[in-house]
Every structure is written in C-alpha cells, then in structure tokens.
Amino acid sequence: MIYAKPSEIGLDASRLHRIDDHFRSYVDNGQLAGWLIAVMRHGELAHFSTYGHRDRESDLPVTPDTIWRIYSMTKPITAVAAMMLWEEGKFELKDEVSKFIPSFADQKVWRNGSTAKYFLDPVVQQMEIWHLLTHTSGLTYGFMMAHPVDALYRAAGFDWGIPTELDLAATCDRIASLPLLFQPGTEWNYSMATDVLGRVVEVASGMSLDEFFRTRIFEPLGMTDTAFSVTADKADRLAALYGAKSSSLEAMRLERAGQAALRTPAAWLGGGGLMSTAPDYLRFGEMLRRGGELDGVRLLAPGTVRYMTSNHLPGNADLSEFGRPLSAQTTYDGVGFGLGVSVTIDPVKAKIPGSIGEFGWGGAASTTFSVDPVQDTTVLLMTQLLPSSTHQLRSELKQLVQQAIVD
C-alpha cells in the first residue's frame, strides 16, 4: 500500500482525526475492546489507525496484522468467485439453481400456518442464480426469529451456525428441504443464499470453495492471511470475540464462540466463514474499486464490476420498499442491492452522506467495508462485537469519512 499525505489526495488530516476521536470513546467506555480503521483514496492510504485491544483480557493491542472474523464480509468474496465463473461461461444468471444442486428442483413456498401445522404452495418460478446473488431467493436465516420458517431453520440445525457434521453439499440439501419464505424474485430477505451460491461455485468449478478462494482469489491478490480458519502459527494474532451485555452494552468476551475460528470447518460457508486482516481485505476492496484488477492481476472485467454494483432490485427499488428489514449489515432507505453487495441509490433518502453507486457490506461482528466510485475511496472498519446492530458504527464511520473529504 502507498501512503499519502491526506492533503495531497483531497482529505483534511485534522478532520480525519475526528474519526479516531469519535471511535476511541467506544473503547474507553468498555463497549468495544479495540478497532482498526483504514481510509484510502485514489489507491493511496491516507488514514490507518488502531486503538484498544485485540484481546482485552490478555492486554494484547490491536496491530495492523490482527486477524478478524469477517463473517458476512465473506459474501462479496463469494459473489466475486461466482462472477469469475460467470465470465468463463460456466453459468448464466437466469440458470436454475437446481441445475447445479438437484435438491432445489422441487421446493415449496410458505402460505400460512404454524411450525406445528403449515400449508405450502408450489413454486411459481424456480430459484435462479441471480436470486442467490441478490437475496431474493426466498431463503432465510434461523437467527432472524421473525417468521415460522425461521423457526424451521433452527429446528433443522441452522441458527448461528450449521450442524457440525454437514459438509456444504449436505448443508444445501437440507436447506432445500425447507419451505421458502416467499416466491423467488418477489422480495428481499437476508439469508443463507450465499452459502448455497458457494456450492454452485464448487459444482461449476470442480473445486472446493476453500480451494477456489485460495488459488483463484487470495493467492493472486496476495491475501496471505485470509482463510476459513486460523492456523496455530497465526493464532496469537487472532482477535478475541465479544458480545454486548444487554444492560450496559459493555463488551463481554465470548470465549467458546471465539474458539471456533481455530478449527477447520466441515463446510466451507460462502456466506460467513472467513477470517482476514485489514491489509488483506483492503486489497480485495481495492481490486473492486479499480474495476476488477490490482497490481496487474485481473479477476473481473470492469463491466462486470459495474454490473455487480448496480441495483438489481426490480424497478430500482430500495430495500425499504422491497426488503424485509431484518439485517443490520446495511441501512434500508435509499439503499438497493447488487450482486453480493448493497448499493446506495439515494443518499438523501438514506439520510447518510455518500455517493450514488457506493457499495459494500458488513459482518456480524461489526466489521464493514465500502467503496465509493465517485469519491474514489475504500474504507474499512475491523472490530469484534456481536451483534452488529449494537451500535451505529457503520453510518457513523461513513459520516465522519465524508466530512474529511475536502475536494
């Protein structure tokens, strides 16, 4: 990464320091253990700051090479993997998912009832790959706890994780056995769709998702610390995982949940399985900002990236119009959804400053990244607090970055 004086790339250094001043308070009052924030513009790093601890109880500070659980920030990587295969002609966006995962050929859609007795309708339109990429598939998450279908997911072993004995193929077959929340293409609902998309990547490529990520994305981009688990030689760099106490929002250590990062999973989950570092994920974000290429390595054509980061919701609707507001990884007003990323379509309606076309996504432990093609910025926040809805970190970060741009 090239470091630059903020003033040379249209940023005000004193205003950038407001970001740190604001976010330090979360650590000082005990609500976050620590964080890392990076702001790049025109491909140059203008602001890179850390504060607090990667492991508060062991008094280990956040360092530039700290390894973080990025949870759903895995999703844009899976989307890139899928679009790489799309560019090779391995599938079309309107191909039915059942072409790659036969168990999805005979699904039913929830009509009404309860988990004890319910009624289903036949699928009007078969689930297609673009439905997986846009979260319009009718799938859901068990942890949503907003609908009886969510409860059926939990009963099937899908809550904050998956049954430990299932690989990705078996996981997808079990998901396919559950009712859809709605007819594919008719609504937006945050879901396990990207996990299913990961299986499509496996079938279409003939490689495990882990191998595809490693050989086709991570190694070419130089993302040396991004993987589905943390090896023993890197374990000392892994951040501890924290949750928020309901009364005070004080960060409390989640020791058992945090240890899962040290174990190789049975299933490579494209929806939320990766660990990464700030330098690694900045390289991924920069590849997207540059239209699919970084340091001479091209993963996608510029037109593909523009297509991915366009709003794919019908009628150019935003998520408040077309979605079920159950995800904390993005705002809903003025925000649409592309292929694997949220996309700002109306910053005024969103009431958060930014540009039309800004895209990104976040993870369950409060991490987030965004790319603004108009202002030519890549922004990253790494921290480790579940759930991501505890604080308004993402909108606050966006607001503070925007006020530091002076030309």
# chains A, B, ... in the order shown; residues from 1 in each chain; ligands from 1
call {"tool": "select_by_dssp", "arguments": {"residues": "region 69-279 of chain A", "states": "strand (DSSP E or B)", "output": "ChimeraX atom specification"}}
result
/A:69,96,108-113,118-122,128,180,188,227,238,242-244,251-253,275-276
call {"tool": "write_last_selection", "arguments": {"atoms": "N, CA and C atoms", "output": "mmCIF file, in the first residue's frame"}}
result
data_model
loop_
_atom_site.group_PDB
_atom_site.id
_atom_site.type_symbol
_atom_site.label_atom_id
_atom_site.label_comp_id
_atom_site.auth_asym_id
_atom_site.auth_seq_id
_atom_site.Cartn_x
_atom_site.Cartn_y
_atom_site.Cartn_z
ATOM 1 N N ARG A 69 -12.527 -12.057 12.531
ATOM 2 C CA ARG A 69 -13.614 -12.835 11.948
ATOM 3 C C ARG A 69 -14.450 -11.856 11.122
ATOM 4 N N GLU A 96 -31.333 -22.064 -13.491
ATOM 5 C CA GLU A 96 -31.962 -22.528 -12.264
ATOM 6 C C GLU A 96 -30.919 -23.138 -11.337
ATOM 7 N N LYS A 108 -41.135 -25.869 -2.154
ATOM 8 C CA LYS A 108 -42.456 -25.325 -1.879
ATOM 9 C C LYS A 108 -42.300 -24.015 -1.117
ATOM 10 N N VAL A 109 -43.360 -23.197 -1.168
ATOM 11 C CA VAL A 109 -43.330 -21.855 -0.575
ATOM 12 C C VAL A 109 -44.360 -21.770 0.555
ATOM 13 N N TRP A 110 -43.958 -21.179 1.653
ATOM 14 C CA TRP A 110 -44.842 -20.996 2.806
ATOM 15 C C TRP A 110 -46.096 -20.201 2.406
ATOM 16 N N ARG A 111 -47.266 -20.741 2.793
ATOM 17 C CA ARG A 111 -48.515 -19.998 2.610
ATOM 18 C C ARG A 111 -48.995 -19.440 3.938
ATOM 19 N N ASN A 112 -49.234 -20.327 4.903
ATOM 20 C CA ASN A 112 -49.653 -19.885 6.232
ATOM 21 C C ASN A 112 -49.574 -21.060 7.193
ATOM 22 N N GLY A 113 -49.931 -20.796 8.459
ATOM 23 C CA GLY A 113 -49.918 -21.827 9.484
ATOM 24 C C GLY A 113 -48.900 -21.552 10.560
ATOM 25 N N TYR A 118 -48.542 -26.422 8.926
ATOM 26 C CA TYR A 118 -48.451 -25.323 7.979
ATOM 27 C C TYR A 118 -48.820 -25.809 6.584
ATOM 28 N N PHE A 119 -49.094 -24.822 5.706
ATOM 29 C CA PHE A 119 -49.554 -25.101 4.351
ATOM 30 C C PHE A 119 -48.590 -24.447 3.368
ATOM 31 N N LEU A 120 -48.311 -25.165 2.289
ATOM 32 C CA LEU A 120 -47.317 -24.727 1.322
ATOM 33 C C LEU A 120 -47.921 -24.624 -0.071
ATOM 34 N N ASP A 121 -47.343 -23.754 -0.884
ATOM 35 C CA ASP A 121 -47.731 -23.609 -2.285
ATOM 36 C C ASP A 121 -46.583 -24.064 -3.178
ATOM 37 N N PRO A 122 -46.888 -24.477 -4.395
ATOM 38 C CA PRO A 122 -45.796 -24.806 -5.328
ATOM 39 C C PRO A 122 -45.043 -23.544 -5.742
ATOM 40 N N GLU A 128 -33.380 -19.029 -9.286
ATOM 41 C CA GLU A 128 -32.300 -18.851 -10.253
ATOM 42 C C GLU A 128 -31.066 -18.287 -9.554
ATOM 43 N N LEU A 180 -39.650 -22.263 1.345
ATOM 44 C CA LEU A 180 -39.205 -20.912 1.045
ATOM 45 C C LEU A 180 -40.105 -19.915 1.767
ATOM 46 N N TRP A 188 -36.937 -9.213 -0.935
ATOM 47 C CA TRP A 188 -35.544 -9.320 -0.498
ATOM 48 C C TRP A 188 -35.536 -9.742 0.951
ATOM 49 N N ALA A 227 -8.509 -16.891 5.296
ATOM 50 C CA ALA A 227 -8.780 -18.331 5.207
ATOM 51 C C ALA A 227 -10.007 -18.653 6.053
ATOM 52 N N LEU A 238 -4.972 -13.609 16.377
ATOM 53 C CA LEU A 238 -6.429 -13.632 16.279
ATOM 54 C C LEU A 238 -7.067 -12.772 17.373
ATOM 55 N N TYR A 242 -16.249 -10.736 21.138
ATOM 56 C CA TYR A 242 -17.006 -10.146 22.239
ATOM 57 C C TYR A 242 -18.475 -10.015 21.858
ATOM 58 N N GLY A 243 -19.306 -10.034 22.884
ATOM 59 C CA GLY A 243 -20.720 -9.730 22.745
ATOM 60 C C GLY A 243 -21.060 -8.542 23.620
ATOM 61 N N ALA A 244 -22.267 -8.019 23.476
ATOM 62 C CA ALA A 244 -22.672 -6.837 24.234
ATOM 63 C C ALA A 244 -23.616 -7.226 25.365
ATOM 64 N N ALA A 251 -18.740 -4.619 26.387
ATOM 65 C CA ALA A 251 -18.265 -5.789 25.649
ATOM 66 C C ALA A 251 -17.846 -6.890 26.614
ATOM 67 N N MET A 252 -18.372 -8.085 26.405
ATOM 68 C CA MET A 252 -18.015 -9.242 27.233
ATOM 69 C C MET A 252 -17.461 -10.335 26.329
ATOM 70 N N ARG A 253 -16.444 -11.002 26.795
ATOM 71 C CA ARG A 253 -15.753 -11.995 25.981
ATOM 72 C C ARG A 253 -16.631 -13.217 25.741
ATOM 73 N N MET A 275 -11.795 -15.637 7.942
ATOM 74 C CA MET A 275 -11.000 -14.747 8.792
ATOM 75 C C MET A 275 -10.098 -13.934 7.865
ATOM 76 N N SER A 276 -9.793 -12.698 8.252
ATOM 77 C CA SER A 276 -8.954 -11.879 7.394
ATOM 78 C C SER A 276 -8.282 -10.782 8.207
#
call {"tool": "residues_around", "arguments": {"residues": "Glu202 (chain A)", "least_positions_apart": "5", "cutoff": "10 Å", "atoms": "only C-alpha atoms", "output": "PyMOL selection string"}}
result
chain A and resi 81-82+100+168-169+196-197+207-212+268
call {"tool": "closest_atom_pairs", "arguments": {"of": "region 183-272 of chain A", "to": "region 318-322 of chain A", "cutoff": "9 Å", "atoms": "only C-alpha atoms", "output": "tab-separated table"}}
result
residue	atom	partner	partner_atom	distance
A:Thr186	CA	A:Phe322	CA	8.0
A:Glu187	CA	A:Phe322	CA	5.5
A:Trp188	CA	A:Phe322	CA	5.9
A:Asn189	CA	A:Phe322	CA	8.9
call {"tool": "write_last_selection", "arguments": {"atoms": "N, CA and C atoms", "output": "compact mmCIF listing (two decimals), in the first residue's frame"}}
result
# COMPACT_ATOMS: atom_id res chain seq x y z
N THR A 186 -39.60 -12.16 -5.58
CA THR A 186 -40.68 -11.24 -5.21
C THR A 186 -40.37 -10.35 -4.01
N GLU A 187 -39.34 -10.68 -3.22
CA GLU A 187 -38.96 -9.89 -2.06
C GLU A 187 -37.46 -10.03 -1.85
N TRP A 188 -36.94 -9.21 -0.94
CA TRP A 188 -35.54 -9.32 -0.50
C TRP A 188 -35.54 -9.74 0.95
N ASN A 189 -34.74 -10.76 1.27
CA ASN A 189 -34.60 -11.20 2.66
C ASN A 189 -33.19 -11.74 2.84
call {"tool": "residues_around", "arguments": {"residues": "Gly271 (chain A)", "least_positions_apart": "5", "cutoff": "12 Å", "atoms": "only C-alpha atoms", "output": "short mmCIF file (atom, residue, chain, number, x, y, z; two decimals) with N, CA and C atoms, in the first residue's frame"}}
result
data_model
loop_
_atom_site.label_atom_id
_atom_site.label_comp_id
_atom_site.auth_asym_id
_atom_site.auth_seq_id
_atom_site.Cartn_x
_atom_site.Cartn_y
_atom_site.Cartn_z
N ILE A 70 -14.52 -12.08 9.82
CA ILE A 70 -15.24 -11.12 8.99
C ILE A 70 -16.67 -11.57 8.69
N TYR A 71 -17.05 -12.76 9.12
CA TYR A 71 -18.42 -13.23 8.97
C TYR A 71 -18.98 -12.90 7.58
N SER A 72 -20.02 -12.07 7.50
CA SER A 72 -20.70 -11.88 6.21
C SER A 72 -19.92 -11.04 5.21
N MET A 73 -18.78 -10.49 5.59
CA MET A 73 -17.92 -9.88 4.57
C MET A 73 -17.26 -10.96 3.72
N THR A 74 -17.53 -12.23 4.02
CA THR A 74 -17.22 -13.33 3.12
C THR A 74 -18.10 -13.27 1.87
N LYS A 75 -19.33 -12.77 2.02
CA LYS A 75 -20.31 -12.80 0.93
C LYS A 75 -19.82 -12.10 -0.34
N PRO A 76 -19.28 -10.89 -0.27
CA PRO A 76 -18.79 -10.28 -1.52
C PRO A 76 -17.69 -11.09 -2.19
N ILE A 77 -16.88 -11.80 -1.40
CA ILE A 77 -15.83 -12.64 -1.98
C ILE A 77 -16.47 -13.81 -2.75
N THR A 78 -17.50 -14.41 -2.16
CA THR A 78 -18.21 -15.49 -2.84
C THR A 78 -18.87 -14.98 -4.12
N ALA A 79 -19.41 -13.77 -4.06
CA ALA A 79 -20.02 -13.19 -5.26
C ALA A 79 -18.99 -12.97 -6.36
N LEU A 132 -29.93 -15.93 -5.78
CA LEU A 132 -28.96 -16.17 -4.71
C LEU A 132 -28.07 -14.94 -4.51
N LEU A 133 -27.62 -14.35 -5.61
CA LEU A 133 -26.71 -13.21 -5.53
C LEU A 133 -27.38 -11.97 -4.96
N HIS A 135 -30.19 -12.03 -2.77
CA HIS A 135 -31.01 -12.33 -1.58
C HIS A 135 -32.50 -12.20 -1.87
N THR A 140 -33.82 -17.95 4.07
CA THR A 140 -33.75 -17.09 5.25
C THR A 140 -32.61 -17.54 6.15
N TYR A 141 -32.55 -16.99 7.34
CA TYR A 141 -31.62 -17.39 8.39
C TYR A 141 -32.43 -17.79 9.62
N TRP A 160 -27.14 -19.86 14.59
CA TRP A 160 -25.97 -19.01 14.32
C TRP A 160 -24.87 -19.80 13.62
N GLY A 161 -25.16 -21.03 13.29
CA GLY A 161 -24.21 -21.85 12.57
C GLY A 161 -24.96 -22.94 11.84
N ILE A 162 -24.27 -24.03 11.55
CA ILE A 162 -24.88 -25.17 10.87
C ILE A 162 -24.52 -26.43 11.65
N LEU A 168 -20.72 -28.84 2.80
CA LEU A 168 -21.52 -27.84 2.12
C LEU A 168 -22.60 -28.48 1.26
N TYR A 190 -32.49 -11.20 3.82
CA TYR A 190 -31.13 -11.65 4.12
C TYR A 190 -31.16 -13.12 4.49
N SER A 191 -30.21 -13.91 3.97
CA SER A 191 -30.41 -15.35 4.06
C SER A 191 -29.14 -16.14 3.82
N MET A 192 -29.31 -17.47 3.86
CA MET A 192 -28.23 -18.40 3.56
C MET A 192 -28.00 -18.58 2.05
N ALA A 193 -28.55 -17.67 1.28
CA ALA A 193 -28.42 -17.78 -0.18
C ALA A 193 -26.97 -17.81 -0.62
N THR A 194 -26.10 -17.05 0.05
CA THR A 194 -24.71 -17.02 -0.38
C THR A 194 -23.98 -18.31 -0.03
N ASP A 195 -24.44 -19.02 1.01
CA ASP A 195 -23.89 -20.35 1.27
C ASP A 195 -24.25 -21.29 0.13
N VAL A 196 -25.49 -21.20 -0.34
CA VAL A 196 -25.91 -22.01 -1.48
C VAL A 196 -25.11 -21.61 -2.72
N LEU A 197 -24.90 -20.31 -2.90
CA LEU A 197 -24.09 -19.85 -4.03
C LEU A 197 -22.68 -20.44 -3.97
N GLY A 198 -22.13 -20.57 -2.77
CA GLY A 198 -20.82 -21.19 -2.63
C GLY A 198 -20.80 -22.61 -3.17
N ARG A 199 -21.89 -23.33 -2.97
CA ARG A 199 -21.97 -24.69 -3.52
C ARG A 199 -22.06 -24.66 -5.04
N LEU A 209 -14.85 -24.78 -2.32
CA LEU A 209 -14.87 -23.32 -2.20
C LEU A 209 -13.57 -22.83 -1.57
N PHE A 228 -10.46 -19.91 5.95
CA PHE A 228 -11.62 -20.36 6.70
C PHE A 228 -11.29 -20.74 8.14
N GLY A 340 -24.25 -9.35 -4.61
CA GLY A 340 -23.37 -9.62 -3.47
C GLY A 340 -23.05 -8.43 -2.61
N TRP A 361 -20.43 -3.98 2.22
CA TRP A 361 -21.18 -4.90 3.08
C TRP A 361 -20.47 -4.98 4.43
N GLY A 362 -21.14 -5.58 5.40
CA GLY A 362 -20.57 -5.72 6.73
C GLY A 362 -20.68 -7.14 7.23
N GLY A 363 -20.13 -7.36 8.44
CA GLY A 363 -20.16 -8.68 9.06
C GLY A 363 -20.79 -8.63 10.44
N ALA A 364 -21.18 -9.79 10.94
CA ALA A 364 -21.93 -9.88 12.20
C ALA A 364 -21.17 -9.34 13.39
#
call {"tool": "residues_around", "arguments": {"residues": "region 53-61 of chain A", "least_positions_apart": "5", "cutoff": "10 Å", "atoms": "only C-alpha atoms", "output": "ChimeraX atom specification"}}
result
/A:27,30,32-36,66-68,236-242,251-253,383-384
call {"tool": "residues_around", "arguments": {"residues": "His147 (chain A)", "least_positions_apart": "6", "cutoff": "10 Å", "atoms": "only C-alpha atoms", "output": "number ranges by chain"}}
result
A: 114-115, 140, 181
call {"tool": "closest_atom_pairs", "arguments": {"of": "region 188-231 of chain A", "to": "region 279-296 of chain A", "cutoff": "9 Å", "atoms": "only C-alpha atoms", "output": "JSON lines"}}
result
{"residue": "A:Ile217", "atom": "CA", "partner": "A:Phe284", "partner_atom": "CA", "distance": 8.7}
{"residue": "A:Phe218", "atom": "CA", "partner": "A:Asp280", "partner_atom": "CA", "distance": 8.5}
{"residue": "A:Leu221", "atom": "CA", "partner": "A:Arg283", "partner_atom": "CA", "distance": 6.9}
{"residue": "A:Gly222", "atom": "CA", "partner": "A:Asp280", "partner_atom": "CA", "distance": 7.3}
{"residue": "A:Met223", "atom": "CA", "partner": "A:Asp280", "partner_atom": "CA", "distance": 4.7}
{"residue": "A:Thr224", "atom": "CA", "partner": "A:Asp280", "partner_atom": "CA", "distance": 7.0}
{"residue": "A:Asp225", "atom": "CA", "partner": "A:Asp280", "partner_atom": "CA", "distance": 6.8}
{"residue": "A:Thr226", "atom": "CA", "partner": "A:Asp280", "partner_atom": "CA", "distance": 6.8}
call {"tool": "atom_distance", "arguments": {"atom1": "CA of Val335 (chain A)", "atom2": "CA of Lys351 (chain A)"}}
result
10.6 Å
call {"tool": "select_by_dssp", "arguments": {"residues": "region 203-370 of chain A", "states": "alpha helix (DSSP H)", "output": "ChimeraX atom specification"}}
result
/A:203-205,209-212,219-221,255-259,278-289,302-308,319-322,347-350
call {"tool": "atom_distance", "arguments": {"atom1": "CA of Ser7 (chain A)", "atom2": "CA of His22 (chain A)"}}
result
21.1 Å
call {"tool": "atom_distance", "arguments": {"atom1": "CA of Trp86 (chain A)", "atom2": "CA of Met127 (chain A)"}}
result
17.1 Å
call {"tool": "closest_residue", "arguments": {"among": "A:Leu385, A:Ala38, A:Leu93, A:Ile405", "to": "Leu249 (chain A)", "atoms": "only C-alpha atoms"}}
result
A:Leu385
call {"tool": "residues_around", "arguments": {"residues": "Phe104 (chain A)", "least_positions_apart": "4", "cutoff": "7 Å", "atoms": "only C-alpha atoms", "output": "VMD selection string"}}
result
chain A and resid 97 to 98 176
call {"tool": "write_last_selection", "arguments": {"atoms": "C-alpha atoms", "output": "PDB file, in the first residue's frame"}}
result
ATOM      1  CA  VAL A  97     -30.131 -23.408  -9.060  1.00  0.00           C
ATOM      2  CA  SER A  98     -31.332 -26.998  -9.438  1.00  0.00           C
ATOM      3  CA  ALA A 176     -33.538 -27.237   0.017  1.00  0.00           C
TER       4      ALA A 176
END
call {"tool": "decode", "arguments": {"residues": "region 95-112 of chain A", "atoms": "N, CA and C atoms", "output": "compact mmCIF listing (two decimals), in the first residue's frame"}}
result
# COMPACT_ATOMS: atom_id res chain seq x y z
N ASP A 95 -29.92 -19.17 -14.96
CA ASP A 95 -29.92 -20.63 -14.80
C ASP A 95 -30.58 -20.99 -13.48
N GLU A 96 -31.33 -22.06 -13.49
CA GLU A 96 -31.96 -22.53 -12.26
C GLU A 96 -30.92 -23.14 -11.34
N VAL A 97 -31.07 -22.88 -10.05
CA VAL A 97 -30.13 -23.41 -9.06
C VAL A 97 -30.11 -24.93 -9.10
N SER A 98 -31.25 -25.54 -9.41
CA SER A 98 -31.33 -27.00 -9.44
C SER A 98 -30.44 -27.62 -10.51
N LYS A 99 -30.01 -26.83 -11.48
CA LYS A 99 -29.08 -27.34 -12.49
C LYS A 99 -27.76 -27.74 -11.85
N PHE A 100 -27.41 -27.09 -10.76
CA PHE A 100 -26.16 -27.36 -10.05
C PHE A 100 -26.39 -28.09 -8.73
N ILE A 101 -27.56 -27.89 -8.13
CA ILE A 101 -27.91 -28.57 -6.87
C ILE A 101 -29.29 -29.18 -7.07
N PRO A 102 -29.38 -30.44 -7.49
CA PRO A 102 -30.67 -31.03 -7.87
C PRO A 102 -31.73 -30.99 -6.79
N SER A 103 -31.34 -30.97 -5.53
CA SER A 103 -32.33 -30.97 -4.44
C SER A 103 -33.19 -29.72 -4.44
N PHE A 104 -32.82 -28.69 -5.17
CA PHE A 104 -33.62 -27.47 -5.23
C PHE A 104 -34.69 -27.53 -6.32
N ALA A 105 -34.88 -28.67 -6.94
CA ALA A 105 -35.81 -28.78 -8.07
C ALA A 105 -37.27 -28.83 -7.65
N ASP A 106 -37.54 -29.22 -6.42
CA ASP A 106 -38.93 -29.44 -6.03
C ASP A 106 -39.24 -28.73 -4.71
N GLN A 107 -39.05 -27.42 -4.70
CA GLN A 107 -39.29 -26.68 -3.47
C GLN A 107 -40.73 -26.20 -3.38
N LYS A 108 -41.14 -25.87 -2.15
CA LYS A 108 -42.46 -25.32 -1.88
C LYS A 108 -42.30 -24.01 -1.12
N VAL A 109 -43.36 -23.20 -1.17
CA VAL A 109 -43.33 -21.86 -0.58
C VAL A 109 -44.36 -21.77 0.55
N TRP A 110 -43.96 -21.18 1.65
CA TRP A 110 -44.84 -21.00 2.81
C TRP A 110 -46.10 -20.20 2.41
N ARG A 111 -47.27 -20.74 2.79
CA ARG A 111 -48.52 -20.00 2.61
C ARG A 111 -49.00 -19.44 3.94
N ASN A 112 -49.23 -20.33 4.90
CA ASN A 112 -49.65 -19.89 6.23
C ASN A 112 -49.57 -21.06 7.19
